[in-house]
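This is final19.pdb (PDB, C-alpha atoms).
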```pdb
ATOM      1  CA  MET A 681     105.800  96.114 108.750
ATOM      2  CA  ALA A 682     105.195  95.334 105.122
ATOM      3  CA  ALA A 683     103.556  97.211 102.294
ATOM      4  CA  THR A 684     100.108  95.769 101.646
ATOM      5  CA  GLY A 685      97.590  96.040  98.836
ATOM      6  CA  GLY A 686     100.231  96.296  96.110
ATOM      7  CA  HIS A 687     103.975  96.289  95.585
ATOM      8  CA  TRP A 688     106.972  98.586  95.175
ATOM      9  CA  VAL A 689     108.676  99.280  91.853
ATOM     10  CA  LYS A 690     111.861 101.180  91.139
ATOM     11  CA  GLY A 691     111.262 104.351  89.162
ATOM     12  CA  ALA A 692     113.412 105.584  86.292
ATOM     13  CA  ARG A 693     115.219 108.025  88.590
ATOM     14  CA  GLY A 694     115.999 105.408  91.218
ATOM     15  CA  SER A 695     113.186 106.298  93.598
ATOM     16  CA  LEU A 696     110.658 103.744  94.812
ATOM     17  CA  ASN A 697     107.028 103.888  93.778
ATOM     18  CA  PHE A 698     104.071 101.959  95.154
ATOM     19  CA  VAL A 699     101.794 100.121  92.723
ATOM     20  CA  PRO A 700      98.330  99.527  94.237
ATOM     21  CA  SER A 701      96.750  96.179  93.384
ATOM     22  CA  GLY A 702      95.056  96.549  90.020
ATOM     23  CA  GLY A 703      96.325 100.099  89.512
ATOM     24  CA  PRO A 704      99.140 101.989  87.791
ATOM     25  CA  ALA A 705     102.343 103.106  89.471
ATOM     26  CA  LYS A 706     102.070 106.380  91.345
ATOM     27  CA  ARG A 707     104.686 109.049  90.841
ATOM     28  CA  ASP A 708     103.863 110.548  94.214
ATOM     29  CA  GLN A 709     104.874 108.224  97.044
ATOM     30  CA  THR A 710     102.823 110.136  99.619
ATOM     31  CA  SER A 711     100.074 107.539  99.998
ATOM     32  CA  ALA A 712     102.531 104.638 100.030
ATOM     33  CA  PHE A 713     104.532 106.104 102.909
ATOM     34  CA  ALA A 714     101.679 107.790 104.800
ATOM     35  CA  ALA A 715     100.775 104.962 107.191
ATOM     36  CA  HIS A 716     104.393 104.265 108.116
ATOM     37  CA  ASP A 717     105.088 107.993 108.526
ATOM     38  CA  ALA A 718     102.120 108.298 110.890
ATOM     39  CA  ASP A 719     103.381 105.367 112.984
ATOM     40  CA  ILE A 720     106.862 106.762 113.537
ATOM     41  CA  ALA A 721     105.568 110.311 114.108
ATOM     42  CA  GLU A 722     103.177 109.106 116.805
ATOM     43  CA  TRP A 723     105.876 107.043 118.527
ATOM     44  CA  THR A 724     108.210 110.044 118.512
ATOM     45  CA  ARG A 725     105.497 112.289 119.985
ATOM     46  CA  LEU A 726     104.935 109.806 122.803
ATOM     47  CA  HIS A 727     108.565 109.026 123.614
ATOM     48  CA  GLY A 728     110.577 111.997 122.312
ATOM     49  CA  LYS A 729     112.992 109.771 120.402
ATOM     50  CA  GLU A 730     113.853 109.379 116.748
ATOM     51  CA  MET A 731     112.234 106.515 114.862
ATOM     52  CA  ALA A 732     112.904 105.125 111.406
ATOM     53  CA  TYR A 733     111.937 102.516 108.844
ATOM     54  CA  ILE A 734     113.494 101.323 105.600
ATOM     55  CA  ALA A 735     111.684 100.571 102.329
ATOM     56  CA  PHE A 736     114.017  98.201 100.499
ATOM     57  CA  GLY A 737     114.590  97.969  96.775
ATOM     58  CA  ASP A 738     112.878  94.558  96.657
ATOM     59  CA  GLY A 739     109.584  95.979  97.929
ATOM     60  CA  THR A 740     109.742  94.963 101.591
ATOM     61  CA  VAL A 741     109.620  97.352 104.537
ATOM     62  CA  SER A 742     111.552  96.965 107.788
ATOM     63  CA  GLU A 743     110.167  96.932 111.295
ATOM     64  CA  LEU A 744     110.108 100.258 113.123
ATOM     65  CA  ILE A 745     113.586 101.204 114.339
ATOM     66  CA  ALA A 746     113.879 103.052 117.664
ATOM     67  CA  GLY A 747     116.746 105.462 118.259
ATOM     68  CA  ASP A 748     117.509 107.987 120.989
ATOM     69  CA  GLU A 749     116.622 111.666 121.390
ATOM     70  CA  ASN A 750     118.986 112.811 118.641
ATOM     71  CA  SER A 751     119.559 110.001 116.187
ATOM     72  CA  VAL A 752     119.060 106.468 114.966
ATOM     73  CA  SER A 753     122.492 104.870 114.868
ATOM     74  CA  ILE A 754     123.979 103.217 111.811
ATOM     75  CA  ASP A 755     124.303  99.975 113.784
ATOM     76  CA  GLU A 756     120.578 100.075 114.621
ATOM     77  CA  LEU A 757     119.725 100.625 110.958
ATOM     78  CA  ARG A 758     121.947  97.791 109.769
ATOM     79  CA  GLU A 759     120.586  95.445 112.436
ATOM     80  CA  ALA A 760     117.005  96.252 111.390
ATOM     81  CA  ALA A 761     118.003  95.660 107.777
ATOM     82  CA  LYS A 762     119.316  92.267 108.898
ATOM     83  CA  TRP A 763     122.541  93.241 107.155
ATOM     84  CA  ARG A 764     120.859  93.411 103.748
ATOM     85  CA  THR A 765     122.120  96.017 101.324
ATOM     86  CA  LEU A 766     120.694  99.515 101.641
ATOM     87  CA  GLN A 767     121.410 100.251  97.987
ATOM     88  CA  ASP A 768     118.271 101.614  96.254
ATOM     89  CA  ALA A 769     116.397 101.722  99.575
ATOM     90  CA  VAL A 770     114.429 104.656 100.985
ATOM     91  CA  LEU A 771     115.242 105.581 104.582
ATOM     92  CA  THR A 772     112.604 107.534 106.511
ATOM     93  CA  HIS A 773     113.190 108.833 110.033
ATOM     94  CA  THR A 774     111.676 111.367 112.396
ATOM     95  CA  HIS A 775     113.093 114.656 113.616
ATOM     96  CA  PRO A 776     111.615 115.222 117.092
ATOM     97  CA  MET A 777     110.165 118.627 117.914
ATOM     98  CA  THR A 778     112.793 121.224 118.783
ATOM     99  CA  THR A 779     112.693 123.682 121.685
ATOM    100  CA  TRP A 780     111.318 126.295 119.285
ATOM    101  CA  GLY A 781     108.681 123.969 117.843
ATOM    102  CA  LEU A 782     109.854 124.469 114.245
ATOM    103  CA  PRO A 783     110.472 121.689 111.695
ATOM    104  CA  VAL A 784     114.095 120.696 111.084
ATOM    105  CA  THR A 785     115.235 119.741 107.588
ATOM    106  CA  LEU A 786     117.614 116.933 106.661
ATOM    107  CA  SER A 787     121.129 117.115 108.079
ATOM    108  CA  ASN A 788     124.355 116.601 106.182
ATOM    109  CA  ASN A 789     124.746 113.353 108.159
ATOM    110  CA  ASP A 790     121.359 112.152 106.864
ATOM    111  CA  ILE A 791     122.205 112.883 103.241
ATOM    112  CA  ALA A 792     125.818 111.708 103.435
ATOM    113  CA  PHE A 793     124.707 108.343 104.856
ATOM    114  CA  ALA A 794     122.213 107.936 102.002
ATOM    115  CA  ALA A 795     124.946 108.745  99.482
ATOM    116  CA  HIS A 796     127.491 106.418 101.095
ATOM    117  CA  SER A 797     124.917 103.589 101.133
ATOM    118  CA  LYS A 798     123.790 104.332  97.542
ATOM    119  CA  MET A 799     120.182 104.758  98.657
ATOM    120  CA  ALA A 800     117.474 106.036  96.336
ATOM    121  CA  GLU A 801     116.190 108.566  98.853
ATOM    122  CA  VAL A 802     116.361 109.776 102.442
ATOM    123  CA  ARG A 803     113.319 111.336 104.138
ATOM    124  CA  ALA A 804     112.694 113.141 107.431
ATOM    125  CA  VAL A 805     109.326 113.449 109.161
ATOM    126  CA  ALA A 806     109.757 116.622 111.226
ATOM    127  CA  LEU A 807     107.430 117.289 114.161
ATOM    128  CA  THR A 808     106.297 120.767 115.213
ATOM    129  CA  ALA A 809     104.598 122.474 118.152
ATOM    130  CA  SER A 810     101.402 122.891 116.124
ATOM    131  CA  GLY A 811     101.016 119.129 115.781
ATOM    132  CA  ARG A 812     101.584 119.229 112.034
ATOM    133  CA  VAL A 813     104.506 117.441 110.428
ATOM    134  CA  LYS A 814     106.709 118.544 107.564
ATOM    135  CA  ILE A 815     108.209 115.961 105.233
ATOM    136  CA  TYR A 816     111.683 116.574 103.827
ATOM    137  CA  SER A 817     113.184 114.431 101.071
ATOM    138  CA  MET A 818     116.445 114.231  99.131
ATOM    139  CA  LYS A 819     116.489 111.876  96.143
ATOM    140  CA  ARG A 820     119.417 110.550  94.191
ATOM    141  CA  GLY A 821     119.802 112.139  90.766
ATOM    142  CA  PRO A 822     120.383 110.565  87.333
ATOM    143  CA  ARG A 823     124.147 110.897  87.862
ATOM    144  CA  GLY A 824     123.947 109.404  91.332
ATOM    145  CA  TRP A 825     125.036 111.078  94.558
ATOM    146  CA  PRO A 826     128.072 113.290  95.052
ATOM    147  CA  ASP A 827     130.681 111.680  97.283
ATOM    148  CA  TRP A 828     129.547 111.603 100.902
ATOM    149  CA  SER A 829     132.598 113.645 101.969
ATOM    150  CA  ILE A 830     131.490 116.511  99.696
ATOM    151  CA  ILE A 831     128.073 116.513 101.372
ATOM    152  CA  MET A 832     129.594 116.548 104.860
ATOM    153  CA  SER A 833     132.055 119.313 104.039
ATOM    154  CA  ALA A 834     129.466 121.531 102.345
ATOM    155  CA  GLY A 835     126.988 121.069 105.178
ATOM    156  CA  ASN A 836     129.543 121.700 107.917
ATOM    157  CA  ASN A 837     130.867 124.853 106.258
ATOM    158  CA  PHE A 838     127.379 126.239 105.739
ATOM    159  CA  LEU A 839     126.214 125.450 109.273
ATOM    160  CA  SER A 840     129.316 127.027 110.768
ATOM    161  CA  GLY A 841     128.463 130.349 109.137
ATOM    162  CA  LEU A 842     124.768 129.999 109.905
ATOM    163  CA  ASN A 843     125.380 129.280 113.578
ATOM    164  CA  SER A 844     127.729 132.255 113.818
ATOM    165  CA  GLN A 845     125.015 134.560 112.491
ATOM    166  CA  TYR A 846     122.500 133.154 114.949
ATOM    167  CA  ALA A 847     124.926 133.453 117.879
ATOM    168  CA  SER A 848     125.649 137.087 116.990
ATOM    169  CA  GLY A 849     121.951 137.930 117.052
ATOM    170  CA  THR A 850     121.763 138.870 113.364
ATOM    171  CA  MET A 851     119.495 135.936 112.517
ATOM    172  CA  SER A 852     116.297 134.684 114.149
ATOM    173  CA  VAL A 853     115.521 131.021 114.775
ATOM    174  CA  ARG A 854     112.906 131.055 112.027
ATOM    175  CA  GLU A 855     115.407 132.605 109.595
ATOM    176  CA  TRP A 856     117.938 129.928 110.567
ATOM    177  CA  HIS A 857     115.491 127.174 109.638
ATOM    178  CA  ARG A 858     114.534 128.816 106.345
ATOM    179  CA  ALA A 859     118.189 129.293 105.419
ATOM    180  CA  ALA A 860     118.925 125.615 106.087
ATOM    181  CA  GLU A 861     116.046 124.572 103.822
ATOM    182  CA  ALA A 862     117.222 126.949 101.080
ATOM    183  CA  PHE A 863     120.783 125.613 101.333
ATOM    184  CA  TRP A 864     119.763 122.032 100.575
ATOM    185  CA  GLN A 865     117.502 123.209  97.751
ATOM    186  CA  ASP A 866     120.480 124.967  96.145
ATOM    187  CA  PHE A 867     122.807 122.039  96.841
ATOM    188  CA  ALA A 868     120.367 119.648  95.151
ATOM    189  CA  LYS A 869     120.171 121.827  92.034
ATOM    190  CA  ALA A 870     123.956 122.068  91.836
ATOM    191  CA  TRP A 871     124.427 118.288  92.016
ATOM    192  CA  GLY A 872     121.400 117.095  90.052
ATOM    193  CA  LEU A 873     119.520 115.798  93.096
ATOM    194  CA  THR A 874     115.863 116.350  93.986
ATOM    195  CA  TYR A 875     115.068 118.123  97.259
ATOM    196  CA  GLU A 876     111.436 118.353  98.320
ATOM    197  CA  GLU A 877     109.537 119.592 101.347
ATOM    198  CA  ARG A 878     105.822 119.597 102.076
ATOM    199  CA  TRP A 879     103.448 119.956 104.986
ATOM    200  CA  GLN A 880     101.310 116.986 105.871
TER     201      GLN A 880
END
```
As a first step, turn the structure in this file into structure tokens.
Amino acid sequence: MAATGGHWVKGARGSLNFVPSGGPAKRDQTSAFAAHDADIAEWTRLHGKEMAYIAFGDGTVSELIAGDENSVSIDELREAAKWRTLQDAVLTHTHPMTTWGLPVTLSNNDIAFAAHSKMAEVRAVALTASGRVKIYSMKRGPRGWPDWSIIMSAGNNFLSGLNSQYASGTMSVREWHRAAEAFWQDFAKAWGLTYEERWQ
């Protein structure tokens, strides 16, 4: 797939913006990503597997990348990238619907991979039982990413405590999901990143 009707430009904060033909750059990337997001969400609904695509720093967009029920492997991503650098790219992937039908935010693996690869942003298109999707995004900050090992450690420690609360019956599934979203919001503020979530 390739972006049509315009081109990509790198924003001041390292994120990618789409410039429509004959128009100014848009701060909000929603319209630029919308068609690709819809494609991978539909494929995931039909097949129950994660899908992804990469918007590269030079303005091109990869083919759709098919994973399995739980992930898109690093090897699959690098093969789709044809071994080009992922630096300054935006990785978007789906999170298939869970048993409870609630949207799942970005994982520490998602964010750590973006940091390790020096990406501009990592996004998740999370499916739900209602048919709506929720978009999660973590963007690199002006100071760059924290080291990937910091992201993994912080995420693992938080999830360990969160899962213990859920297992003990002191936390509902919905509370678990809200707590995970709040954790990444706080983490982003602490490290100068930008965490966003919105319903589509």
Exercise for review: Take the PyMOL selection byres ((chain A and resi 792) around 10), apply it to the structure above, and return the hits as a list of chain:residue names.
Suggested key: A:Ser787, A:Asn788, A:Asn789, A:Asp790, A:Ile791, A:Phe793, A:Ala794, A:Ala795, A:His796, A:Ser797, A:Lys798, A:Val802, A:Trp825, A:Pro826, A:Asp827, A:Trp828, A:Ser829, A:Ile830, A:Ile831, A:Met832, A:Ser833, A:Gly835
**Study point:** From A:Val770, A:Val805, A:Ala870, A:Leu782, residue lying nearest Phe736 (chain A) [all atoms listed in the file]
**Key:**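 Selected residue with least distance to Phe736 (chain A): A:Val770.
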Check your understanding: Any idea what the distance is between CA of Ala859 (chain A) and CA of Leu842 (chain A)?
Key ->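 Between these atoms lies a distance of 8.0 Å.
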Practice item. Translate the PyMOL selection byres ((chain A and resi 756) around 12), as applied to the file shown, into an explicit residue set as an MDAnalysis selection string. Key: chainID A and resid 730:734 742:748 751:755 757:763
List as JSON lines every residue of region 707-794 of chain A that is in contact with region 849-858 of chain A, defined as an atom at most 9 Å from one of its atoms (using only C-alpha atoms), together with the nearest atom pair and the distance in Å rounded to one decimal, sorted by chain and then rising number.
```
{"residue": "A:Trp780", "atom": "CA", "partner": "A:Val853", "partner_atom": "CA", "distance": 7.8}
{"residue": "A:Leu782", "atom": "CA", "partner": "A:Arg854", "partner_atom": "CA", "distance": 7.6}
{"residue": "A:Pro783", "atom": "CA", "partner": "A:His857", "partner_atom": "CA", "distance": 7.7}
{"residue": "A:Val784", "atom": "CA", "partner": "A:His857", "partner_atom": "CA", "distance": 6.8}
{"residue": "A:Thr785", "atom": "CA", "partner": "A:His857", "partner_atom": "CA", "distance": 7.7}
```
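From CA of Gln767 (chain A) back to CA of Phe867 (chain A), the distance works out to 21.9 Å.
Taking CA of Thr740 (chain A) as the reference point, CA of Leu771 (chain A) is found at 12.3 Å.
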Check your understanding: Mind telling me what the PyMOL selection byres ((chain A and resi 718) around 12) catches here, as a PyMOL selection string?
Key -> chain A and resi 710-717+719-725+731-733+744+772-774+805-807+811-815+880
What would the file look like if the residues just selected were written as a PDB file, in the coordinates of the input with C-alpha atoms?
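Output below, filename again09.pdb:
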```
ATOM      1  CA  THR A 710     102.823 110.136  99.619  1.00  0.00           C
ATOM      2  CA  SER A 711     100.074 107.539  99.998  1.00  0.00           C
ATOM      3  CA  ALA A 712     102.531 104.638 100.030  1.00  0.00           C
ATOM      4  CA  PHE A 713     104.532 106.104 102.909  1.00  0.00           C
ATOM      5  CA  ALA A 714     101.679 107.790 104.800  1.00  0.00           C
ATOM      6  CA  ALA A 715     100.775 104.962 107.191  1.00  0.00           C
ATOM      7  CA  HIS A 716     104.393 104.265 108.116  1.00  0.00           C
ATOM      8  CA  ASP A 717     105.088 107.993 108.526  1.00  0.00           C
ATOM      9  CA  ASP A 719     103.381 105.367 112.984  1.00  0.00           C
ATOM     10  CA  ILE A 720     106.862 106.762 113.537  1.00  0.00           C
ATOM     11  CA  ALA A 721     105.568 110.311 114.108  1.00  0.00           C
ATOM     12  CA  GLU A 722     103.177 109.106 116.805  1.00  0.00           C
ATOM     13  CA  TRP A 723     105.876 107.043 118.527  1.00  0.00           C
ATOM     14  CA  THR A 724     108.210 110.044 118.512  1.00  0.00           C
ATOM     15  CA  ARG A 725     105.497 112.289 119.985  1.00  0.00           C
ATOM     16  CA  MET A 731     112.234 106.515 114.862  1.00  0.00           C
ATOM     17  CA  ALA A 732     112.904 105.125 111.406  1.00  0.00           C
ATOM     18  CA  TYR A 733     111.937 102.516 108.844  1.00  0.00           C
ATOM     19  CA  LEU A 744     110.108 100.258 113.123  1.00  0.00           C
ATOM     20  CA  THR A 772     112.604 107.534 106.511  1.00  0.00           C
ATOM     21  CA  HIS A 773     113.190 108.833 110.033  1.00  0.00           C
ATOM     22  CA  THR A 774     111.676 111.367 112.396  1.00  0.00           C
ATOM     23  CA  VAL A 805     109.326 113.449 109.161  1.00  0.00           C
ATOM     24  CA  ALA A 806     109.757 116.622 111.226  1.00  0.00           C
ATOM     25  CA  LEU A 807     107.430 117.289 114.161  1.00  0.00           C
ATOM     26  CA  GLY A 811     101.016 119.129 115.781  1.00  0.00           C
ATOM     27  CA  ARG A 812     101.584 119.229 112.034  1.00  0.00           C
ATOM     28  CA  VAL A 813     104.506 117.441 110.428  1.00  0.00           C
ATOM     29  CA  LYS A 814     106.709 118.544 107.564  1.00  0.00           C
ATOM     30  CA  ILE A 815     108.209 115.961 105.233  1.00  0.00           C
ATOM     31  CA  GLN A 880     101.310 116.986 105.871  1.00  0.00           C
TER      32      GLN A 880
END
```
Please return the centre and edge lengths, in Å to one decimal, of a box with edges along x, y and z that contains all listed atoms of region 755-760 of chain A, widened by 8 Å on every side, as lines of an AutoDock Vina configuration file.
```
center_x = 120.7
center_y = 98.0
center_z = 112.2
size_x = 23.3
size_y = 21.2
size_z = 20.9
```
Check your understanding: Restricting the calculation to all atoms listed in the file, which member of A:Asn837, A:Trp879, A:Met799, A:Val741 is positioned closest to Lys819 (chain A)?
Key ->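 Looking at the shortest contact to Lys819 (chain A), the residue is A:Met799.
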